Amino acid sequence: KKRNPGQPEFVQAVTEVAEDIFDFMADKEQYHSAQILRRIAEPDRVISFRVCWQDDKGNIRVQRGWRIQNNNSIGPYKGGIRFHPSVTESVLKFLAFEQTFKNALTGLPMGGAKGGSNFNPKGKSDGEVMRFCQSLMTELYRHIGADIDVPAGDIGVGAREIGYMFGQYKRITGEFTGVLTGKGLEYGGSLIRTEATGYGAVYFLQNMLATKGMTLEGKTAVISGSGNVATHAAEKVTQLGGKVLTLSDSAGFIHDPDGITQEKIDWVKDLKSKRRGRISEYCDEFTGSSFTGGKTPWGVPCDVALPCATQNELLGIDAELLIANGCIAVSEGANMPTDLDGVHVFKKARILFAPGKAANAGGVAVSGLEMSQNSARISWKEDELQKLLLDIMAGIHSRCLEYGTDATGHCDYVKGANIAGFKKVADAMLAYGVV
Ligand code: NDP
């Protein structure tokens with residue numbers, strides 16, 4: 001806290017990891033003497049810059065942009081770009097820190113980074129978004145590169161924004177390289193990248209349920225968010241025989257007791273990514289559903305829950321409510337959606353609880369595969385990529401089991417993910433000496 005005043009999200013993320021790593025390091029002098037945890041928790045660099053752009057009325061607008069390069073010990077920096085008014089240096093530092101562990105868990109050679117801006121894309125025209133993206137890239141391009149730092153999308157940054165940013169990078173440098181992931185299929189993108197985070201979070205959930213001899217068939221699911229991760233998580237739960245009851249956005253949540261079917265999910269995808277509407281409009285379209293403003297969906301009874309919107313959207317009291325209502329498993333599609341109190345409640349209840357750094361790693365894993373395809377100038381087929389995603393999620397699950405299972409056979413997935421991710425990065429750092 002003293003080293004990072006005014007950065008609560010960053011302190012929260014480091015505290016959660018440190019709780020597990022201190023135990024693990026207790027008898028491992030090599031990590032102590034090399035100050036490895038302290039070094040991972042100090043970003044390699046924090047780049048902050050002005051982003052100036054002109055709105056449709058001709059006004060000059062000024063935003064702040066950042067790129068946090070946390071750690072490149074096991075590969076080039078890699079992590080998304082977020083556009084949201086709530087973006088601060090603290091939020092991006094926590095995300096870059098988490099990303100370092102997540103990328104290590106995938107087994108692919110990627111370091112950790114995150115970037116973004118406090119720009120709010122809501123209500124902006126395509127032209128305004130394009131001018132903003134071009135202005136941001138005009139500064140960012142000098143800090144990134146296919147072997148240096150490879151950004152991707154995140155909240156508020158989807159196919160449209162990646163297209164504008166990639167176009168500007170290419171225009172400035174004259175290079176066509178895999179400097180961004182999440183690109184369109186016409187210009188170097190990978191199949192299944194769009195679906196990978198949401199699908200991966202459900203595959204992870206499936207792996208956890210399987211350890212108890214259960215499947216998703218017939219299970220009810222409460223999901224938050226209605227963006228890329230939430231809609232694809234809902235799609236995969238539905239495909240595997242589960243029934244999705246809720247979706248949400250920053251204004252509130254919808255509850256559909258009949259289940260949010262594939263047809264309804266397609267309607268939400270169109271609403272959110274093309275028409276850029278609000279989730280409350282769902283109730284005008286589908287009878288029997290209801291909208292609750294200003295609330296999260298955790299009070300709706302369910303078997304499994306997937307928080308897929310944003311950080312700290314599931315608090316200690318929500319966690320208690322989920323457990324009281326019979327929820328047996330939680331898989332985090334978003335990054336750090338459960339606050340520290342909530343994490344402690346889930347750990348104490350010993351339910352199946354997958355932290356985002358393990359459960360939502362499918363997206364960055366397929367981004368890693370997009371980088372490989374770009375380097376080799378080839379495109380893999382969909383079935384090959386689907387299989388790789390399944391294998392990678394199963395691999396992450398096994399690594400969590402390896403480091404998180406106690407003598408009773410119970411797995412603390414938070415601990416398992418923290419230790420497995422830490423060990424890989426820490427051992428690489430030890431090999432480099434004091435750098
Ligand atoms: P999108 O922009 O596609 O969707 C974000 C969703 O979360 C929207 O429904 C949005 O509602 C809601 N939301 C955003 N901010 C808030 C807030 N402050 N309070 C309540 N709801 C909010 O983003 P993604 O689906 O890509 O990302 C969702 C989460 O998943 C994030 O935590 C992200 O870091 C994480 N993630 C994403 C990956 C990816 O591949 N896209 C990879 C790994 C993790 P509204 O429309 O009202 O803004």
# chains A, B, ... in the order shown; residues from 1 in each chain; ligands from 1
>>> residues_near_ligand(ligand="ligand 1", cutoff="6 Å", atoms="only C-alpha atoms and all ligand atoms", output="ChimeraX atom specification")
/A:153-156,197,225-230,248-251,308-311,333-335,360,363
>>> write_last_selection(atoms="C-alpha atoms", output="PDB file, in the first residue's frame")
ATOM      1  CA  GLY A 153      -8.899  -6.154 -27.208  1.00  0.00           C
ATOM      2  CA  ASP A 154     -10.655  -5.935 -23.834  1.00  0.00           C
ATOM      3  CA  ILE A 155     -13.650  -3.982 -22.481  1.00  0.00           C
ATOM      4  CA  GLY A 156     -14.677  -1.420 -25.107  1.00  0.00           C
ATOM      5  CA  THR A 197     -12.477 -16.428 -23.613  1.00  0.00           C
ATOM      6  CA  GLY A 225     -22.120  -8.933 -18.504  1.00  0.00           C
ATOM      7  CA  SER A 226     -23.442  -9.014 -22.050  1.00  0.00           C
ATOM      8  CA  GLY A 227     -20.285  -8.352 -24.027  1.00  0.00           C
ATOM      9  CA  ASN A 228     -17.859 -10.647 -25.789  1.00  0.00           C
ATOM     10  CA  VAL A 229     -17.040 -12.905 -22.829  1.00  0.00           C
ATOM     11  CA  ALA A 230     -20.557 -13.131 -21.364  1.00  0.00           C
ATOM     12  CA  SER A 248     -26.337  -7.819 -17.366  1.00  0.00           C
ATOM     13  CA  ASP A 249     -24.654  -4.540 -18.216  1.00  0.00           C
ATOM     14  CA  SER A 250     -23.617  -1.530 -16.212  1.00  0.00           C
ATOM     15  CA  ALA A 251     -27.292  -0.460 -15.851  1.00  0.00           C
ATOM     16  CA  CYS A 308     -18.124 -11.963 -17.018  1.00  0.00           C
ATOM     17  CA  ALA A 309     -18.430  -8.136 -16.788  1.00  0.00           C
ATOM     18  CA  THR A 310     -15.749  -6.327 -14.783  1.00  0.00           C
ATOM     19  CA  GLN A 311     -13.595  -6.177 -11.624  1.00  0.00           C
ATOM     20  CA  GLY A 333     -14.811 -14.966 -17.159  1.00  0.00           C
ATOM     21  CA  ALA A 334     -13.880 -11.401 -16.175  1.00  0.00           C
ATOM     22  CA  ASN A 335     -10.656 -10.275 -14.511  1.00  0.00           C
ATOM     23  CA  ASN A 360     -10.443 -16.744 -18.706  1.00  0.00           C
ATOM     24  CA  GLY A 363      -8.690 -15.717 -25.023  1.00  0.00           C
TER      25      GLY A 363
END
>>> select_by_dssp(residues="stretch 183-422 of chain A", states="strand (DSSP E)", output="PyMOL selection string")
chain A and resi 220-223+243-249+252-255+290-293+304-306+329-331+352-354
>>> write_last_selection(atoms="C-alpha atoms", output="short mmCIF file (atom, residue, chain, number, x, y, z; two decimals), in the first residue's frame")
data_model
loop_
_atom_site.label_atom_id
_atom_site.label_comp_id
_atom_site.auth_asym_id
_atom_site.auth_seq_id
_atom_site.Cartn_x
_atom_site.Cartn_y
_atom_site.Cartn_z
CA THR A 220 -28.84 -23.44 -14.21
CA ALA A 221 -26.29 -20.66 -14.75
CA VAL A 222 -26.22 -17.02 -13.69
CA ILE A 223 -23.97 -14.91 -15.93
CA LYS A 243 -29.81 -23.19 -18.84
CA VAL A 244 -28.64 -19.56 -18.68
CA LEU A 245 -30.91 -17.37 -16.55
CA THR A 246 -29.32 -13.92 -16.55
CA LEU A 247 -27.15 -11.39 -18.40
CA SER A 248 -26.34 -7.82 -17.37
CA ASP A 249 -24.65 -4.54 -18.22
CA GLY A 252 -28.64 -3.71 -14.31
CA PHE A 253 -29.51 -7.33 -15.14
CA ILE A 254 -32.18 -9.27 -17.03
CA HIS A 255 -33.65 -12.51 -15.68
CA SER A 290 -37.64 -8.98 -16.27
CA PHE A 291 -35.07 -6.20 -15.84
CA THR A 292 -33.71 -5.08 -12.45
CA GLY A 293 -31.93 -1.73 -12.59
CA VAL A 304 -23.20 -22.33 -11.36
CA ALA A 305 -22.18 -18.67 -11.75
CA LEU A 306 -19.96 -16.95 -14.32
CA ALA A 329 -19.24 -23.70 -8.84
CA VAL A 330 -18.02 -20.26 -9.97
CA SER A 331 -15.85 -19.67 -13.03
CA LEU A 352 -15.36 -25.11 -7.00
CA PHE A 353 -14.01 -21.59 -7.59
CA ALA A 354 -11.87 -20.73 -10.63
#
>>> closest_residue(among="A:Ala428, A:Val434, A:Leu369, A:Ile40", to="A:Phe94", atoms="only C-alpha atoms")
A:Ile40
>>> closest_atom_pairs(of="stretch 264-378 of chain A", to="stretch 103-109 of chain A", cutoff="12 Å", atoms="only C-alpha atoms", output="Markdown table")
| residue | atom | partner | partner_atom | distance |
| --- | --- | --- | --- | --- |
| A:Gly356 | CA | A:Leu105 | CA | 11.4 |
| A:Lys357 | CA | A:Leu105 | CA | 8.1 |
| A:Ala358 | CA | A:Leu105 | CA | 7.0 |
| A:Ala359 | CA | A:Leu105 | CA | 10.2 |
| A:Asn360 | CA | A:Thr106 | CA | 10.3 |
| A:Ala361 | CA | A:Thr106 | CA | 6.7 |
| A:Gly362 | CA | A:Thr106 | CA | 8.0 |
| A:Gly363 | CA | A:Thr106 | CA | 10.1 |
| A:Val364 | CA | A:Asn103 | CA | 7.1 |
| A:Ala365 | CA | A:Thr106 | CA | 6.1 |
| A:Val366 | CA | A:Thr106 | CA | 9.7 |
| A:Ser367 | CA | A:Leu108 | CA | 10.1 |
| A:Gly368 | CA | A:Leu108 | CA | 6.8 |
| A:Leu369 | CA | A:Leu108 | CA | 8.6 |
| A:Glu370 | CA | A:Leu108 | CA | 11.7 |
| A:Met371 | CA | A:Pro109 | CA | 10.4 |
| A:Ser372 | CA | A:Leu108 | CA | 10.1 |
>>> write_last_selection(atoms="N, CA and C atoms", output="CSV table (one decimal), in the first residue's frame")
chain,number,residue,atom,x,y,z
A,356,GLY,N,-10.1,-15.8,-12.4
A,356,GLY,CA,-10.0,-15.3,-13.8
A,356,GLY,C,-8.7,-15.7,-14.5
A,357,LYS,N,-7.6,-15.6,-13.7
A,357,LYS,CA,-6.3,-15.8,-14.4
A,357,LYS,C,-6.2,-17.2,-14.9
A,358,ALA,N,-7.0,-18.1,-14.4
A,358,ALA,CA,-7.0,-19.5,-14.9
A,358,ALA,C,-8.2,-19.7,-15.9
A,359,ALA,N,-9.4,-19.3,-15.4
A,359,ALA,CA,-10.6,-19.6,-16.2
A,359,ALA,C,-10.7,-18.8,-17.5
A,360,ASN,N,-10.2,-17.5,-17.5
A,360,ASN,CA,-10.4,-16.7,-18.7
A,360,ASN,C,-9.2,-16.7,-19.6
A,361,ALA,N,-8.3,-17.6,-19.4
A,361,ALA,CA,-7.0,-17.6,-20.2
A,361,ALA,C,-7.2,-18.1,-21.6
A,362,GLY,N,-8.4,-18.6,-21.9
A,362,GLY,CA,-8.6,-19.1,-23.3
A,362,GLY,C,-8.4,-18.0,-24.4
A,363,GLY,N,-8.8,-16.8,-24.0
A,363,GLY,CA,-8.7,-15.7,-25.0
A,363,GLY,C,-7.3,-15.4,-25.4
A,364,VAL,N,-6.4,-15.2,-24.3
A,364,VAL,CA,-5.0,-14.9,-24.6
A,364,VAL,C,-4.3,-16.1,-25.2
A,365,ALA,N,-4.8,-17.3,-24.8
A,365,ALA,CA,-4.1,-18.5,-25.4
A,365,ALA,C,-4.3,-18.5,-26.9
A,366,VAL,N,-5.6,-18.2,-27.4
A,366,VAL,CA,-5.8,-18.2,-28.8
A,366,VAL,C,-5.1,-17.0,-29.5
A,367,SER,N,-5.0,-15.9,-28.7
A,367,SER,CA,-4.1,-14.8,-29.2
A,367,SER,C,-2.7,-15.3,-29.4
A,368,GLY,N,-2.2,-16.1,-28.5
A,368,GLY,CA,-0.8,-16.6,-28.6
A,368,GLY,C,-0.8,-17.5,-29.9
A,369,LEU,N,-1.8,-18.2,-30.2
A,369,LEU,CA,-1.9,-19.0,-31.4
A,369,LEU,C,-2.0,-18.1,-32.6
A,370,GLU,N,-2.7,-17.0,-32.5
A,370,GLU,CA,-2.7,-16.0,-33.6
A,370,GLU,C,-1.3,-15.5,-33.9
A,371,MET,N,-0.5,-15.2,-32.8
A,371,MET,CA,0.9,-14.8,-33.0
A,371,MET,C,1.7,-15.8,-33.8
A,372,SER,N,1.5,-17.1,-33.4
A,372,SER,CA,2.3,-18.1,-34.1
A,372,SER,C,1.9,-18.2,-35.6
>>> residues_around(residues="A:Val87", least_positions_apart="4", cutoff="10 Å", atoms="only C-alpha atoms", output="PyMOL selection string")
chain A and resi 64-66+82-83+91-92+115-120
>>> residues_around(residues="A:Asp147", least_positions_apart="2", cutoff="12 Å", atoms="only C-alpha atoms", output="list of chain:residue names")
A:Asn72, A:Ile74, A:Gly75, A:Pro76, A:Tyr77, A:Lys78, A:Pro109, A:Met110, A:Gly111, A:His143, A:Ile144, A:Gly145, A:Asp149, A:Val150, A:Pro151, A:Thr177, A:Gly178, A:Val179, A:Leu180, A:Gly368, A:Met371, A:Ser372, A:Asn374, A:Ser375
>>> write_last_selection(atoms="N, CA and C atoms", output="CSV table (one decimal), in the first residue's frame")
chain,number,residue,atom,x,y,z
A,72,ASN,N,8.4,-9.4,-19.0
A,72,ASN,CA,8.6,-10.1,-20.3
A,72,ASN,C,9.6,-11.3,-20.1
A,74,ILE,N,9.1,-14.5,-19.8
A,74,ILE,CA,8.9,-15.7,-20.6
A,74,ILE,C,8.4,-15.5,-22.0
A,75,GLY,N,8.4,-14.3,-22.4
A,75,GLY,CA,7.9,-14.0,-23.8
A,75,GLY,C,7.6,-12.5,-24.0
A,76,PRO,N,7.3,-12.1,-25.2
A,76,PRO,CA,7.0,-10.6,-25.4
A,76,PRO,C,5.8,-10.2,-24.6
A,77,TYR,N,5.8,-9.0,-24.2
A,77,TYR,CA,4.6,-8.5,-23.4
A,77,TYR,C,3.4,-8.7,-24.2
A,78,LYS,N,2.3,-9.1,-23.5
A,78,LYS,CA,1.0,-9.4,-24.2
A,78,LYS,C,-0.1,-9.1,-23.2
A,109,PRO,N,4.6,-18.9,-24.8
A,109,PRO,CA,5.7,-17.9,-24.4
A,109,PRO,C,5.2,-16.5,-24.5
A,110,MET,N,4.5,-16.0,-23.4
A,110,MET,CA,4.0,-14.6,-23.5
A,110,MET,C,4.2,-14.0,-22.1
A,111,GLY,N,4.7,-12.8,-22.1
A,111,GLY,CA,4.8,-12.0,-20.9
A,111,GLY,C,3.5,-11.3,-20.6
A,143,HIS,N,6.2,1.9,-28.8
A,143,HIS,CA,6.4,1.0,-27.6
A,143,HIS,C,6.1,-0.4,-27.9
A,144,ILE,N,5.5,-0.8,-29.0
A,144,ILE,CA,5.1,-2.2,-29.3
A,144,ILE,C,5.7,-2.8,-30.5
A,145,GLY,N,5.5,-4.0,-30.7
A,145,GLY,CA,6.1,-4.7,-31.9
A,145,GLY,C,5.8,-6.2,-31.8
A,149,ASP,N,5.9,-6.3,-27.8
A,149,ASP,CA,4.7,-6.1,-27.0
A,149,ASP,C,3.5,-6.2,-28.0
A,150,VAL,N,2.6,-7.1,-27.7
A,150,VAL,CA,1.5,-7.4,-28.7
A,150,VAL,C,0.1,-7.2,-28.0
A,151,PRO,N,-0.5,-6.0,-28.1
A,151,PRO,CA,-1.8,-5.7,-27.5
A,151,PRO,C,-2.9,-6.5,-28.2
A,177,THR,N,2.8,-6.8,-39.7
A,177,THR,CA,3.3,-7.9,-38.8
A,177,THR,C,2.2,-8.1,-37.7
A,178,GLY,N,2.3,-9.2,-37.0
A,178,GLY,CA,1.3,-9.6,-36.0
A,178,GLY,C,1.5,-8.7,-34.7
A,179,VAL,N,1.3,-7.4,-34.8
A,179,VAL,CA,1.6,-6.5,-33.7
A,179,VAL,C,0.4,-6.4,-32.8
A,180,LEU,N,-0.8,-6.8,-33.3
A,180,LEU,CA,-2.0,-6.8,-32.5
A,180,LEU,C,-2.7,-8.2,-32.7
A,368,GLY,N,-2.2,-16.1,-28.5
A,368,GLY,CA,-0.8,-16.6,-28.6
A,368,GLY,C,-0.8,-17.5,-29.9
A,371,MET,N,-0.5,-15.2,-32.8
A,371,MET,CA,0.9,-14.8,-33.0
A,371,MET,C,1.7,-15.8,-33.8
A,372,SER,N,1.5,-17.1,-33.4
A,372,SER,CA,2.3,-18.1,-34.1
A,372,SER,C,1.9,-18.2,-35.6
A,374,ASN,N,0.7,-15.8,-37.4
A,374,ASN,CA,1.2,-14.6,-38.1
A,374,ASN,C,2.7,-14.8,-38.4
A,375,SER,N,3.4,-15.3,-37.4
A,375,SER,CA,4.9,-15.4,-37.6
A,375,SER,C,5.2,-16.4,-38.8
>>> atom_distance(atom1="atom CA of A:Asn70", atom2="atom CA of A:Thr231")
29.4 Å
>>> closest_residue(among="A:Arg38, A:Gly188, A:Glu16, A:Ser289", to="A:Gly342", atoms="only C-alpha atoms")
A:Glu16
>>> closest_atom_pairs(of="stretch 405-433 of chain A", to="stretch 18-30 of chain A", cutoff="10 Å", atoms="only C-alpha atoms", output="Markdown table")
| residue | atom | partner | partner_atom | distance |
| --- | --- | --- | --- | --- |
| A:Val414 | CA | A:Asp20 | CA | 8.2 |
| A:Lys415 | CA | A:Asp20 | CA | 5.5 |
| A:Gly416 | CA | A:Asp20 | CA | 8.6 |
| A:Ala417 | CA | A:Asp20 | CA | 9.6 |
| A:Asn418 | CA | A:Asp20 | CA | 6.8 |
| A:Ile419 | CA | A:Ile21 | CA | 6.2 |
| A:Ala420 | CA | A:Ile21 | CA | 9.9 |
| A:Phe422 | CA | A:Ile21 | CA | 7.8 |
| A:Lys423 | CA | A:Ile21 | CA | 9.4 |
| A:Ala426 | CA | A:Gln30 | CA | 9.7 |
| A:Asp427 | CA | A:Gln30 | CA | 9.5 |
| A:Leu430 | CA | A:Gln30 | CA | 8.1 |
>>> select_by_dssp(residues="stretch 295-376 of chain A", states="alpha helix (DSSP H)", output="NGL selection string")
:A and (316-324 or 340-349 or 356-359 or 362-376)
>>> write_last_selection(atoms="C-alpha atoms", output="PDB file, in the first residue's frame")
ATOM      1  CA  GLY A 316     -18.506 -10.858  -0.086  1.00  0.00           C
ATOM      2  CA  ILE A 317     -22.272 -10.592   0.523  1.00  0.00           C
ATOM      3  CA  ASP A 318     -22.983 -11.735  -3.035  1.00  0.00           C
ATOM      4  CA  ALA A 319     -20.721 -14.745  -2.546  1.00  0.00           C
ATOM      5  CA  GLU A 320     -22.597 -15.644   0.643  1.00  0.00           C
ATOM      6  CA  LEU A 321     -25.920 -15.308  -1.160  1.00  0.00           C
ATOM      7  CA  LEU A 322     -24.773 -17.547  -4.029  1.00  0.00           C
ATOM      8  CA  ILE A 323     -23.701 -20.257  -1.590  1.00  0.00           C
ATOM      9  CA  ALA A 324     -26.883 -19.951   0.491  1.00  0.00           C
ATOM     10  CA  LEU A 340     -11.083 -10.184  -1.698  1.00  0.00           C
ATOM     11  CA  ASP A 341     -13.962 -10.782   0.763  1.00  0.00           C
ATOM     12  CA  GLY A 342     -15.801 -12.803  -1.869  1.00  0.00           C
ATOM     13  CA  VAL A 343     -12.679 -14.867  -2.613  1.00  0.00           C
ATOM     14  CA  HIS A 344     -12.362 -15.646   1.102  1.00  0.00           C
ATOM     15  CA  VAL A 345     -16.058 -16.682   1.280  1.00  0.00           C
ATOM     16  CA  PHE A 346     -15.686 -19.075  -1.683  1.00  0.00           C
ATOM     17  CA  LYS A 347     -12.422 -20.493  -0.322  1.00  0.00           C
ATOM     18  CA  LYS A 348     -13.958 -21.061   3.115  1.00  0.00           C
ATOM     19  CA  ALA A 349     -17.053 -22.742   1.633  1.00  0.00           C
ATOM     20  CA  GLY A 356     -10.024 -15.340 -13.843  1.00  0.00           C
ATOM     21  CA  LYS A 357      -6.313 -15.798 -14.355  1.00  0.00           C
ATOM     22  CA  ALA A 358      -6.993 -19.513 -14.924  1.00  0.00           C
ATOM     23  CA  ALA A 359     -10.571 -19.610 -16.204  1.00  0.00           C
ATOM     24  CA  GLY A 362      -8.577 -19.113 -23.290  1.00  0.00           C
ATOM     25  CA  GLY A 363      -8.690 -15.717 -25.023  1.00  0.00           C
ATOM     26  CA  VAL A 364      -5.050 -14.874 -24.594  1.00  0.00           C
ATOM     27  CA  ALA A 365      -4.136 -18.485 -25.413  1.00  0.00           C
ATOM     28  CA  VAL A 366      -5.794 -18.199 -28.825  1.00  0.00           C
ATOM     29  CA  SER A 367      -4.134 -14.782 -29.174  1.00  0.00           C
ATOM     30  CA  GLY A 368      -0.843 -16.628 -28.642  1.00  0.00           C
ATOM     31  CA  LEU A 369      -1.865 -19.029 -31.400  1.00  0.00           C
ATOM     32  CA  GLU A 370      -2.713 -16.016 -33.608  1.00  0.00           C
ATOM     33  CA  MET A 371       0.864 -14.757 -33.031  1.00  0.00           C
ATOM     34  CA  SER A 372       2.264 -18.149 -34.091  1.00  0.00           C
ATOM     35  CA  GLN A 373       0.103 -18.177 -37.242  1.00  0.00           C
ATOM     36  CA  ASN A 374       1.184 -14.613 -38.098  1.00  0.00           C
ATOM     37  CA  SER A 375       4.882 -15.436 -37.625  1.00  0.00           C
ATOM     38  CA  ALA A 376       4.590 -18.495 -39.863  1.00  0.00           C
TER      39      ALA A 376
END
>>> closest_residue(among="A:Lys124, A:Met393, A:Tyr141, A:Arg350", to="A:Asp406", atoms="only C-alpha atoms")
A:Arg350
>>> residues_around(residues="A:Gly127", least_positions_apart="4", cutoff="12 Å", atoms="only C-alpha atoms", output="ChimeraX atom specification")
/A:53-58,121,123,131-134,160-161,164
>>> atom_distance(atom1="atom CA of A:Ala394", atom2="atom CA of A:Val202")
11.3 Å
>>> atom_distance(atom1="atom CA of A:Thr88", atom2="atom CA of A:Phe49")
12.5 Å
>>> decode(residues="stretch 185-203 of chain A", atoms="N, CA and C atoms", output="compact mmCIF listing (two decimals), in the first residue's frame")
# COMPACT_ATOMS: atom_id res chain seq x y z
N LEU A 185 -10.47 -11.61 -39.78
CA LEU A 185 -9.94 -12.80 -40.48
C LEU A 185 -9.30 -12.42 -41.81
N GLU A 186 -9.71 -11.29 -42.40
CA GLU A 186 -9.17 -10.87 -43.70
C GLU A 186 -7.74 -10.39 -43.56
N TYR A 187 -7.34 -9.96 -42.38
CA TYR A 187 -5.99 -9.37 -42.26
C TYR A 187 -5.20 -9.96 -41.09
N GLY A 188 -5.21 -11.31 -41.03
CA GLY A 188 -4.29 -11.98 -40.10
C GLY A 188 -4.89 -12.44 -38.80
N GLY A 189 -6.22 -12.30 -38.63
CA GLY A 189 -6.85 -12.78 -37.40
C GLY A 189 -6.96 -14.29 -37.38
N SER A 190 -7.25 -14.82 -36.19
CA SER A 190 -7.37 -16.27 -36.05
C SER A 190 -8.83 -16.66 -35.84
N LEU A 191 -9.20 -17.78 -36.42
CA LEU A 191 -10.53 -18.34 -36.12
C LEU A 191 -10.61 -18.61 -34.62
N ILE A 192 -11.82 -18.58 -34.10
CA ILE A 192 -12.22 -18.81 -32.71
C ILE A 192 -11.64 -17.84 -31.66
N ARG A 193 -10.89 -16.80 -32.09
CA ARG A 193 -10.39 -15.83 -31.10
C ARG A 193 -11.56 -15.14 -30.39
N THR A 194 -12.61 -14.79 -31.18
CA THR A 194 -13.75 -14.06 -30.60
C THR A 194 -14.43 -14.89 -29.51
N GLU A 195 -14.57 -16.18 -29.76
CA GLU A 195 -15.31 -17.04 -28.84
C GLU A 195 -14.46 -17.52 -27.66
N ALA A 196 -13.11 -17.44 -27.82
CA ALA A 196 -12.21 -18.24 -26.97
C ALA A 196 -12.31 -17.96 -25.47
N THR A 197 -12.48 -16.70 -25.05
CA THR A 197 -12.48 -16.43 -23.61
C THR A 197 -13.72 -17.03 -22.95
N GLY A 198 -14.89 -16.74 -23.53
CA GLY A 198 -16.14 -17.25 -22.96
C GLY A 198 -16.19 -18.77 -23.01
N TYR A 199 -15.84 -19.34 -24.18
CA TYR A 199 -15.84 -20.81 -24.29
C TYR A 199 -14.85 -21.41 -23.29
N GLY A 200 -13.67 -20.81 -23.21
CA GLY A 200 -12.62 -21.34 -22.32
C GLY A 200 -13.07 -21.35 -20.87
N ALA A 201 -13.78 -20.30 -20.45
CA ALA A 201 -14.24 -20.23 -19.05
C ALA A 201 -15.23 -21.36 -18.76
N VAL A 202 -16.00 -21.74 -19.78
CA VAL A 202 -16.96 -22.84 -19.60
C VAL A 202 -16.22 -24.19 -19.64
N TYR A 203 -15.21 -24.29 -20.50
CA TYR A 203 -14.42 -25.54 -20.51
C TYR A 203 -13.77 -25.75 -19.14
